[in-house]
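Enquirer: Please find run_8.csv (CSV, C-alpha atoms) on the next line:
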```csv
chain,number,residue,atom,x,y,z
A,1,MET,CA,112.6,60.1,-84.1
A,2,ASP,CA,113.7,57.1,-82.0
A,3,PHE,CA,111.2,54.4,-80.9
A,4,SER,CA,113.7,52.3,-79.1
A,5,LEU,CA,114.0,52.0,-75.4
A,6,SER,CA,117.2,53.1,-73.6
A,7,GLU,CA,119.3,50.5,-71.7
A,8,GLU,CA,117.8,51.8,-68.4
A,9,GLN,CA,114.2,51.5,-69.8
A,10,GLU,CA,114.9,47.9,-71.0
A,11,ALA,CA,116.2,47.1,-67.6
A,12,ILE,CA,113.0,48.4,-66.0
A,13,ARG,CA,110.9,46.3,-68.4
A,14,ASP,CA,112.9,43.1,-67.9
A,15,ASN,CA,113.3,43.4,-64.1
A,16,VAL,CA,109.6,44.2,-63.6
A,17,ALA,CA,108.6,41.3,-65.8
A,18,ALA,CA,110.9,38.9,-63.9
A,19,LEU,CA,109.4,40.0,-60.5
A,20,CYS,CA,105.9,39.6,-61.8
A,21,SER,CA,106.7,36.1,-63.1
A,22,ARG,CA,107.1,35.0,-59.5
A,23,PHE,CA,103.3,35.4,-59.1
A,24,ASP,CA,101.6,33.0,-61.5
A,25,ASP,CA,98.1,32.2,-62.7
A,26,ALA,CA,97.4,30.1,-59.7
A,27,TYR,CA,98.3,32.9,-57.3
A,28,TRP,CA,96.0,35.4,-59.0
A,29,ARG,CA,93.2,32.9,-59.5
A,30,ASP,CA,93.3,32.3,-55.7
A,31,ARG,CA,93.2,36.1,-55.0
A,32,ASP,CA,90.3,36.4,-57.4
A,33,ARG,CA,88.4,33.7,-55.6
A,34,THR,CA,89.1,34.8,-52.0
A,35,GLY,CA,89.3,38.5,-52.4
A,36,GLU,CA,92.5,38.7,-50.3
A,37,PHE,CA,94.6,41.7,-51.1
A,38,PRO,CA,97.9,40.7,-52.8
A,39,ASN,CA,100.1,41.9,-49.9
A,40,ASP,CA,103.1,39.8,-50.9
A,41,PHE,CA,103.1,41.1,-54.4
A,42,HIS,CA,102.7,44.7,-53.1
A,43,LYS,CA,105.6,44.1,-50.7
A,44,ALA,CA,107.8,42.6,-53.4
A,45,MET,CA,107.2,45.7,-55.6
A,46,ALA,CA,108.0,48.0,-52.7
A,47,ASP,CA,111.1,46.1,-51.7
A,48,ALA,CA,112.4,46.3,-55.2
A,49,GLY,CA,111.8,50.1,-55.2
A,50,TRP,CA,109.2,50.2,-57.9
A,51,LEU,CA,106.6,52.0,-55.8
A,52,GLY,CA,108.7,55.1,-55.9
A,53,ILE,CA,109.6,55.1,-59.6
A,54,THR,CA,108.3,58.6,-60.2
A,55,MET,CA,109.1,60.0,-56.7
A,56,PRO,CA,112.1,62.3,-56.1
A,57,GLU,CA,115.4,60.6,-55.2
A,58,GLU,CA,115.9,62.6,-52.1
A,59,TYR,CA,112.8,60.9,-50.5
A,60,GLY,CA,113.8,57.4,-51.6
A,61,GLY,CA,112.3,57.3,-55.1
A,62,ALA,CA,113.9,56.8,-58.5
A,63,GLY,CA,113.1,60.2,-59.8
A,64,LEU,CA,112.0,58.9,-63.2
A,65,GLY,CA,109.3,60.0,-65.5
A,66,VAL,CA,105.8,58.9,-66.6
A,67,THR,CA,107.5,57.2,-69.6
A,68,GLU,CA,109.3,54.8,-67.2
A,69,ALA,CA,106.2,54.4,-65.1
A,70,ALA,CA,104.2,53.5,-68.2
A,71,ILE,CA,106.8,50.9,-69.2
A,72,MET,CA,106.6,49.4,-65.7
A,73,MET,CA,102.8,49.3,-65.5
A,74,HIS,CA,102.5,47.9,-69.0
A,75,GLU,CA,104.6,44.9,-67.8
A,76,VAL,CA,102.6,44.5,-64.7
A,77,ALA,CA,99.4,44.4,-66.6
A,78,LYS,CA,100.9,42.0,-69.2
A,79,SER,CA,101.7,39.6,-66.4
A,80,SER,CA,99.5,36.9,-64.8
A,81,GLY,CA,98.2,39.5,-62.4
A,82,GLY,CA,96.5,41.7,-65.0
A,83,MET,CA,94.5,44.6,-63.6
A,84,SER,CA,94.5,43.0,-60.1
A,85,ALA,CA,98.3,43.4,-59.9
A,86,ALA,CA,98.3,46.9,-61.6
A,87,SER,CA,95.5,48.3,-59.4
A,88,SER,CA,97.3,47.1,-56.2
A,89,ILE,CA,100.1,49.6,-56.9
A,90,HIS,CA,98.5,52.1,-59.3
A,91,ILE,CA,97.7,54.7,-56.6
A,92,ASN,CA,101.3,54.9,-55.6
A,93,ILE,CA,102.4,55.9,-59.1
A,94,PHE,CA,100.2,58.9,-59.7
A,95,GLY,CA,98.4,59.5,-56.4
A,96,PRO,CA,101.2,61.2,-54.4
A,97,HIS,CA,102.0,63.6,-57.3
A,98,PRO,CA,100.2,66.6,-55.7
A,99,ILE,CA,102.4,66.1,-52.6
A,100,VAL,CA,105.5,66.1,-54.7
A,101,VAL,CA,104.5,69.3,-56.6
A,102,PHE,CA,102.6,71.3,-54.1
A,103,GLY,CA,103.4,69.8,-50.7
A,104,ASN,CA,105.8,71.6,-48.3
A,105,GLU,CA,109.1,70.1,-47.2
A,106,GLU,CA,107.7,68.7,-44.0
A,107,GLN,CA,104.9,67.0,-45.8
A,108,LYS,CA,107.2,65.4,-48.4
A,109,ASN,CA,109.5,64.1,-45.6
A,110,ARG,CA,106.5,62.8,-43.6
A,111,PHE,CA,104.5,61.2,-46.4
A,112,LEU,CA,106.7,60.1,-49.3
A,113,PRO,CA,109.3,57.8,-47.8
A,114,PRO,CA,106.7,55.5,-46.1
A,115,LEU,CA,104.7,55.4,-49.3
A,116,ILE,CA,107.7,54.5,-51.4
A,117,LYS,CA,108.8,51.8,-48.9
A,118,GLY,CA,105.3,50.3,-48.8
A,119,GLU,CA,105.0,50.9,-45.1
A,120,ILE,CA,101.7,52.8,-45.6
A,121,LYS,CA,99.0,52.4,-48.3
A,122,SER,CA,96.8,55.2,-49.5
A,123,CYS,CA,93.5,55.6,-51.4
A,124,PHE,CA,91.8,58.3,-53.4
A,125,GLY,CA,88.7,60.1,-52.1
A,126,VAL,CA,87.4,62.2,-55.0
A,127,THR,CA,84.4,60.5,-56.7
A,128,GLU,CA,81.0,60.9,-55.1
A,129,PRO,CA,77.6,59.2,-55.8
A,130,ASN,CA,75.8,62.4,-56.8
A,131,ALA,CA,78.7,64.1,-58.6
A,132,GLY,CA,80.5,61.5,-60.7
A,133,LEU,CA,82.8,63.2,-63.2
A,134,ASN,CA,81.2,66.6,-62.3
A,135,THR,CA,83.9,67.1,-59.7
A,136,THR,CA,83.0,70.7,-58.9
A,137,SER,CA,79.6,69.6,-57.6
A,138,LEU,CA,81.0,67.3,-55.0
A,139,GLN,CA,79.3,67.7,-51.6
A,140,THR,CA,81.9,66.6,-49.1
A,141,ARG,CA,82.7,69.6,-46.9
A,142,ALA,CA,85.7,70.3,-44.7
A,143,VAL,CA,85.1,73.2,-42.3
A,144,LYS,CA,88.0,75.0,-40.5
A,145,ASN,CA,87.8,74.8,-36.7
A,146,GLY,CA,90.8,76.2,-35.0
A,147,ASN,CA,93.9,74.3,-36.0
A,148,HIS,CA,92.1,71.6,-37.8
A,149,TYR,CA,89.2,70.9,-40.2
A,150,ILE,CA,86.1,68.8,-39.7
A,151,ALA,CA,85.1,66.8,-42.8
A,152,ASN,CA,81.7,65.3,-43.6
A,153,GLY,CA,80.5,63.6,-46.8
A,154,GLN,CA,80.5,60.4,-48.9
A,155,LYS,CA,83.0,59.0,-51.5
A,156,MET,CA,82.4,56.2,-54.0
A,157,TRP,CA,84.7,53.8,-55.8
A,158,THR,CA,87.5,54.4,-53.3
A,159,THR,CA,90.1,51.7,-54.3
A,160,THR,CA,92.0,49.9,-51.6
A,161,GLY,CA,90.0,51.6,-48.9
A,162,GLN,CA,90.0,48.4,-46.8
A,163,GLU,CA,93.8,48.4,-46.8
A,164,ALA,CA,94.6,52.1,-46.8
A,165,ASP,CA,96.1,54.0,-43.9
A,166,LYS,CA,95.8,57.4,-45.6
A,167,ILE,CA,93.3,59.1,-48.0
A,168,MET,CA,93.9,61.8,-50.6
A,169,LEU,CA,90.7,63.6,-49.9
A,170,LEU,CA,89.1,66.4,-52.1
A,171,ALA,CA,86.6,68.4,-50.1
A,172,ARG,CA,84.9,71.7,-50.5
A,173,THR,CA,86.1,74.3,-48.0
A,174,THR,CA,84.3,77.3,-49.5
A,175,PRO,CA,80.6,76.9,-50.6
A,176,LYS,CA,80.3,76.8,-54.4
A,177,GLU,CA,77.9,79.8,-54.3
A,178,ASP,CA,80.6,81.9,-52.6
A,179,CYS,CA,83.2,81.2,-55.3
A,180,LYS,CA,83.9,83.2,-58.5
A,181,LYS,CA,84.4,79.9,-60.3
A,182,SER,CA,83.0,76.5,-59.6
A,183,THR,CA,86.5,75.1,-59.6
A,184,ASP,CA,87.5,77.3,-56.7
A,185,GLY,CA,86.9,76.5,-53.1
A,186,LEU,CA,88.0,72.8,-53.3
A,187,SER,CA,90.9,71.7,-51.0
A,188,LEU,CA,93.1,68.7,-51.1
A,189,PHE,CA,94.1,66.8,-48.0
A,190,PHE,CA,96.4,63.8,-47.4
A,191,THR,CA,95.3,62.5,-44.0
A,192,ASP,CA,94.6,59.5,-41.9
A,193,LEU,CA,91.7,57.3,-43.0
A,194,ASN,CA,90.5,57.1,-39.3
A,195,ARG,CA,88.0,54.3,-38.9
A,196,GLU,CA,86.5,56.0,-35.9
A,197,TYR,CA,85.1,58.6,-38.2
A,198,CYS,CA,85.0,56.8,-41.6
A,199,ASP,CA,82.8,53.9,-42.4
A,200,VAL,CA,84.4,52.0,-45.3
A,201,ARG,CA,82.1,49.6,-47.0
A,202,VAL,CA,83.1,47.2,-49.8
A,203,ILE,CA,81.3,47.4,-53.1
A,204,GLU,CA,80.8,43.9,-54.6
A,205,LYS,CA,81.8,44.2,-58.2
A,206,MET,CA,82.3,42.3,-61.5
A,207,GLY,CA,86.1,41.8,-61.3
A,208,ARG,CA,89.4,42.6,-59.5
A,209,LYS,CA,88.0,41.2,-56.3
A,210,SER,CA,91.4,41.2,-54.5
A,211,VAL,CA,91.7,45.0,-54.9
A,212,ASP,CA,88.7,46.4,-53.1
A,213,SER,CA,86.4,49.2,-54.1
A,214,ASN,CA,84.4,51.0,-51.5
A,215,GLU,CA,81.9,53.6,-50.4
A,216,VAL,CA,83.4,55.8,-47.7
A,217,PHE,CA,81.0,57.6,-45.3
A,218,ILE,CA,82.8,60.4,-43.5
A,219,ASN,CA,81.4,61.7,-40.2
A,220,ASP,CA,83.1,64.6,-38.4
A,221,LEU,CA,86.6,63.4,-39.5
A,222,PRO,CA,89.2,65.7,-37.8
A,223,ILE,CA,91.9,66.7,-40.3
A,224,PRO,CA,95.0,68.6,-38.9
A,225,GLU,CA,95.7,71.8,-40.8
A,226,GLU,CA,99.2,70.4,-41.6
A,227,ASP,CA,97.6,67.8,-43.7
A,228,LEU,CA,96.3,70.4,-46.2
A,229,ILE,CA,98.2,70.1,-49.4
A,230,GLY,CA,99.2,73.5,-50.8
A,231,GLU,CA,96.7,76.4,-50.5
A,232,GLU,CA,93.1,76.1,-49.3
A,233,GLY,CA,90.7,76.3,-52.2
A,234,LYS,CA,93.2,75.2,-54.9
A,235,GLY,CA,92.7,71.4,-54.7
A,236,PHE,CA,90.9,71.0,-58.0
A,237,TYR,CA,93.9,72.6,-59.8
A,238,TYR,CA,96.3,70.4,-57.9
A,239,LEU,CA,94.5,67.3,-59.0
A,240,LEU,CA,94.7,68.3,-62.7
A,241,HIS,CA,98.5,67.7,-62.5
A,242,SER,CA,97.9,64.0,-61.9
A,243,LEU,CA,95.1,63.5,-64.4
A,244,ASN,CA,97.2,63.1,-67.5
A,245,PRO,CA,99.7,60.7,-66.0
A,246,GLU,CA,96.9,58.5,-64.7
A,247,ARG,CA,95.2,58.5,-68.2
A,248,VAL,CA,98.5,57.3,-69.7
A,249,LEU,CA,98.9,54.6,-67.1
A,250,VAL,CA,95.3,53.3,-67.5
A,251,GLY,CA,95.9,53.3,-71.2
A,252,VAL,CA,99.0,51.1,-71.0
A,253,GLU,CA,97.4,48.9,-68.5
A,254,GLY,CA,94.5,48.3,-70.9
A,255,VAL,CA,97.1,47.5,-73.6
A,256,GLY,CA,99.0,45.2,-71.2
A,257,LEU,CA,95.8,43.2,-70.4
A,258,GLY,CA,95.0,42.9,-74.1
A,259,MET,CA,98.5,41.7,-74.9
A,260,ASN,CA,98.2,39.2,-72.0
A,261,ALA,CA,94.9,37.9,-73.4
A,262,LEU,CA,96.1,37.9,-77.0
A,263,LYS,CA,99.2,35.8,-76.2
A,264,ARG,CA,97.0,33.2,-74.5
A,265,ALA,CA,94.6,33.2,-77.4
A,266,ALA,CA,97.3,32.8,-80.1
A,267,SER,CA,98.9,30.0,-78.1
A,268,TYR,CA,95.6,28.2,-77.7
A,269,ALA,CA,94.8,28.6,-81.4
A,270,ALA,CA,98.1,27.2,-82.4
A,271,GLU,CA,97.6,24.1,-80.3
A,272,ARG,CA,93.9,23.4,-80.4
A,273,GLU,CA,92.9,21.0,-83.2
A,274,VAL,CA,89.5,20.6,-84.7
A,275,PHE,CA,88.7,18.7,-87.8
A,276,GLY,CA,92.3,17.6,-88.1
A,277,ARG,CA,93.9,21.1,-88.1
A,278,PRO,CA,94.8,23.7,-85.6
A,279,ILE,CA,92.1,26.3,-85.3
A,280,GLY,CA,94.7,29.0,-85.7
A,281,GLN,CA,95.1,28.0,-89.3
A,282,ASN,CA,91.6,29.2,-90.0
A,283,GLN,CA,91.4,32.9,-91.2
A,284,GLY,CA,88.2,33.3,-89.1
A,285,ILE,CA,90.5,32.9,-86.1
A,286,GLN,CA,93.6,34.5,-87.5
A,287,HIS,CA,92.2,37.8,-88.7
A,288,PRO,CA,90.5,39.1,-85.5
A,289,LEU,CA,93.7,38.3,-83.5
A,290,ALA,CA,95.8,40.0,-86.1
A,291,GLU,CA,93.5,43.0,-85.9
A,292,ASN,CA,93.9,43.0,-82.1
A,293,TRP,CA,97.7,43.0,-82.4
A,294,MET,CA,97.7,46.0,-84.6
A,295,GLU,CA,95.2,48.0,-82.4
A,296,LEU,CA,97.2,47.2,-79.2
A,297,GLU,CA,100.5,48.2,-80.8
A,298,ALA,CA,98.9,51.5,-82.1
A,299,ALA,CA,97.4,52.2,-78.7
A,300,LEU,CA,100.8,51.6,-77.0
A,301,LEU,CA,102.5,54.1,-79.4
A,302,MET,CA,99.9,56.7,-78.5
A,303,ALA,CA,100.5,56.2,-74.8
A,304,MET,CA,104.2,56.4,-75.1
A,305,LYS,CA,103.9,59.6,-77.1
A,306,ALA,CA,101.7,61.1,-74.4
A,307,ALA,CA,104.2,60.1,-71.8
A,308,TYR,CA,107.0,61.7,-73.8
A,309,LEU,CA,105.1,64.9,-74.1
A,310,TYR,CA,104.3,65.1,-70.4
A,311,ASP,CA,107.8,64.3,-69.3
A,312,ASN,CA,109.1,67.1,-71.6
A,313,GLY,CA,106.7,69.7,-70.4
A,314,GLU,CA,104.7,69.8,-73.5
A,315,GLU,CA,100.9,69.9,-73.9
A,316,SER,CA,99.8,66.2,-73.3
A,317,GLY,CA,96.1,66.3,-72.4
A,318,THR,CA,94.8,65.4,-75.8
A,319,TYR,CA,97.2,62.6,-76.3
A,320,ALA,CA,96.9,61.3,-72.8
A,321,ASN,CA,93.1,61.1,-73.2
A,322,ALA,CA,93.5,59.5,-76.6
A,323,ALA,CA,95.9,56.9,-75.0
A,324,LYS,CA,93.4,56.1,-72.3
A,325,TYR,CA,90.6,55.7,-74.9
A,326,LEU,CA,92.6,53.6,-77.4
A,327,GLY,CA,94.1,51.4,-74.7
A,328,GLY,CA,90.8,50.7,-73.0
A,329,GLU,CA,89.0,49.9,-76.3
A,330,ALA,CA,91.8,47.8,-77.8
A,331,GLY,CA,92.3,45.9,-74.6
A,332,PHE,CA,88.6,45.2,-74.3
A,333,LYS,CA,88.4,43.9,-77.9
A,334,ALA,CA,91.5,41.7,-77.4
A,335,CYS,CA,90.3,40.2,-74.1
A,336,THR,CA,86.8,39.5,-75.6
A,337,GLN,CA,88.3,37.9,-78.7
A,338,ALA,CA,90.6,35.8,-76.5
A,339,VAL,CA,87.5,34.3,-74.7
A,340,MET,CA,85.8,33.7,-78.1
A,341,THR,CA,89.0,32.0,-79.5
A,342,HIS,CA,89.0,29.6,-76.5
A,343,GLY,CA,85.4,28.7,-77.1
A,344,GLY,CA,83.7,27.0,-74.2
A,345,VAL,CA,86.9,26.7,-72.1
A,346,GLY,CA,87.3,30.5,-72.4
A,347,TYR,CA,84.4,30.7,-69.9
A,348,ALA,CA,86.3,28.6,-67.4
A,349,LYS,CA,88.4,30.2,-64.8
A,350,GLU,CA,91.3,27.8,-65.4
A,351,PHE,CA,92.2,29.5,-68.6
A,352,THR,CA,92.4,33.0,-67.1
A,353,VAL,CA,91.0,34.9,-70.2
A,354,GLU,CA,87.6,35.3,-68.6
A,355,ARG,CA,89.2,37.1,-65.6
A,356,LEU,CA,91.1,39.4,-68.0
A,357,MET,CA,87.9,40.2,-69.8
A,358,ARG,CA,86.2,41.1,-66.5
A,359,GLU,CA,89.1,43.2,-65.4
A,360,VAL,CA,89.7,45.1,-68.6
A,361,MET,CA,86.3,46.8,-68.3
A,362,ILE,CA,87.9,49.1,-65.7
A,363,CYS,CA,90.1,50.5,-68.4
A,364,ARG,CA,87.1,51.5,-70.4
A,365,ILE,CA,85.0,53.0,-67.6
A,366,ALA,CA,87.6,54.7,-65.3
A,367,PRO,CA,88.8,57.2,-64.5
A,368,VAL,CA,86.8,58.9,-67.3
A,369,SER,CA,84.2,57.4,-69.7
A,370,PRO,CA,85.1,56.9,-73.4
A,371,GLN,CA,82.2,59.2,-74.3
A,372,LEU,CA,83.6,62.1,-72.3
A,373,ILE,CA,87.0,61.5,-73.9
A,374,LEU,CA,85.4,61.7,-77.4
A,375,CYS,CA,83.8,65.0,-76.3
A,376,TYR,CA,87.2,66.3,-75.1
A,377,ILE,CA,89.0,65.3,-78.3
A,378,ALA,CA,86.2,66.9,-80.4
A,379,GLU,CA,86.7,70.1,-78.6
A,380,LYS,CA,90.5,70.2,-78.1
A,381,ALA,CA,91.7,68.5,-81.2
A,382,LEU,CA,89.0,69.5,-83.7
A,383,GLY,CA,87.9,72.9,-82.4
A,384,LEU,CA,84.3,71.9,-82.1
A,385,PRO,CA,82.0,73.6,-79.5
A,386,LYS,CA,82.1,72.2,-76.0
A,387,SER,CA,79.2,69.8,-75.4
A,388,TYR,CA,79.4,69.3,-71.6
```
Would you kindly transcribe this structure into structure tokens?
Expert:
Amino acid sequence: MDFSLSEEQEAIRDNVAALCSRFDDAYWRDRDRTGEFPNDFHKAMADAGWLGITMPEEYGGAGLGVTEAAIMMHEVAKSSGGMSAASSIHINIFGPHPIVVFGNEEQKNRFLPPLIKGEIKSCFGVTEPNAGLNTTSLQTRAVKNGNHYIANGQKMWTTTGQEADKIMLLARTTPKEDCKKSTDGLSLFFTDLNREYCDVRVIEKMGRKSVDSNEVFINDLPIPEEDLIGEEGKGFYYLLHSLNPERVLVGVEGVGLGMNALKRAASYAAEREVFGRPIGQNQGIQHPLAENWMELEAALLMAMKAAYLYDNGEESGTYANAAKYLGGEAGFKACTQAVMTHGGVGYAKEFTVERLMREVMICRIAPVSPQLILCYIAEKALGLPKSY
């Protein structure tokens, strides 16, 4: 059993950290204030080839695994950018996976190179206001009409919808009542987010202002049949292939945010003097931070095990879900403790920890709730009856 990184993995970690260091606290504080998308950070990551880390080499990617992607996204989240930086490129790491696995050669050549180069941006159109995590009950329909489909419906929490050129859209092509299983009849499309037919409205939210979240209203959107990924009606199963990698990545992003906040808290505690001694000398300050460190390191180990299992073709769902849960929870505790360690100034934007606390909530909520993960672990790991 070897817990060390290879030379290539160490190079990924160090090079990503060096690139991220060019975008400091002031840069991300300004993006948090204005809501401007971090285009220059996104371009820098694209120019360095990082957007294609898991994409096949023949289309311009690096052809590496989820393990290397996790190392990269952990460093991004550990940087000043936190979740704002991670979310600006997150969709590129797992989003195109169905194209890689199930797309035809023409689609791979058409879609993957511009995504890898950062020439186009994409978004994910799955979640709906009346379906939530009950994906099989989504109501967006795509009806075949000659050599194209016509789509109508509504999507929620569509990240980067304001910036996106393309949308990975899950829509029902066969009515649920006409399917043998509720998971049948859903189809996956990668197509233009055409603003003539799509009304994309920003959702004002708690954090990560520079990476927009949106409601998308789809009205008679024409989708060429060549934008259908794989077979009609199999879209739900195609999405499953990207769920475990995303859970691993969200888990390591939560850990990265927590480590980011913990480093700031420890530094502040070592320097801040009250009653003639640094507050970090007090066990009431030391112990919670030490606990944060242990929880974050344990969550990182779980995530790397899940990534290893996935990359080696082994069952990874249980560990990927556990990684997402542990990373989100440990990250949240560390970010909260960092604010409390700073005391009053922790509430000030100047010290950044308040932004990290706001952003880390994403890692707890999305893409699946902690409660549903607990249900999944109870069923899959412990053999208890399914509760949902």
Enquirer: From the set A:Lys155, A:His241, A:Lys234, A:Lys205, which residue has the shortest atom-to-atom contact distance to A:Lys181, counting all atoms listed in the file?
Expert: A:Lys234
Enquirer: List the spatial neighbours of A:Gly185 as number ranges by chain - criterion: any atom at most 9 Å away, only C-alpha atoms, same-chain residues fewer than 5 positions off excluded.
Expert: A: 171-176, 178-179, 232-236
Enquirer: Which residues of stretch 326-362 of chain A come within 6 Å of stretch 285-308 of chain A, and what is each one's closest atom pair and distance in Å (one decimal), counting all atoms listed in the file, sorted by chain and residue number, as CSV?
Expert:
```
residue,atom,partner,partner_atom,distance
A:Leu326,CA,A:Ala299,CA,5.2
A:Gly327,CA,A:Ala299,CA,5.2
A:Ala330,CA,A:Leu296,CA,5.6
A:Ala334,CA,A:Asn292,CA,5.4
```
Enquirer: Give me, please, the distance in Å between atom CA of A:Glu354 and atom CA of A:Arg31, quoted to one decimal.
Expert: 14.7 Å
Enquirer: Here is a test: counting only C-alpha atoms, which residue of A:Gly284, A:Gly65, A:Pro113, A:Pro222 is nearest to A:Ile93?
Expert: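 When distances to A:Ile93 are compared using only C-alpha atoms, the smallest one comes from A:Gly65.
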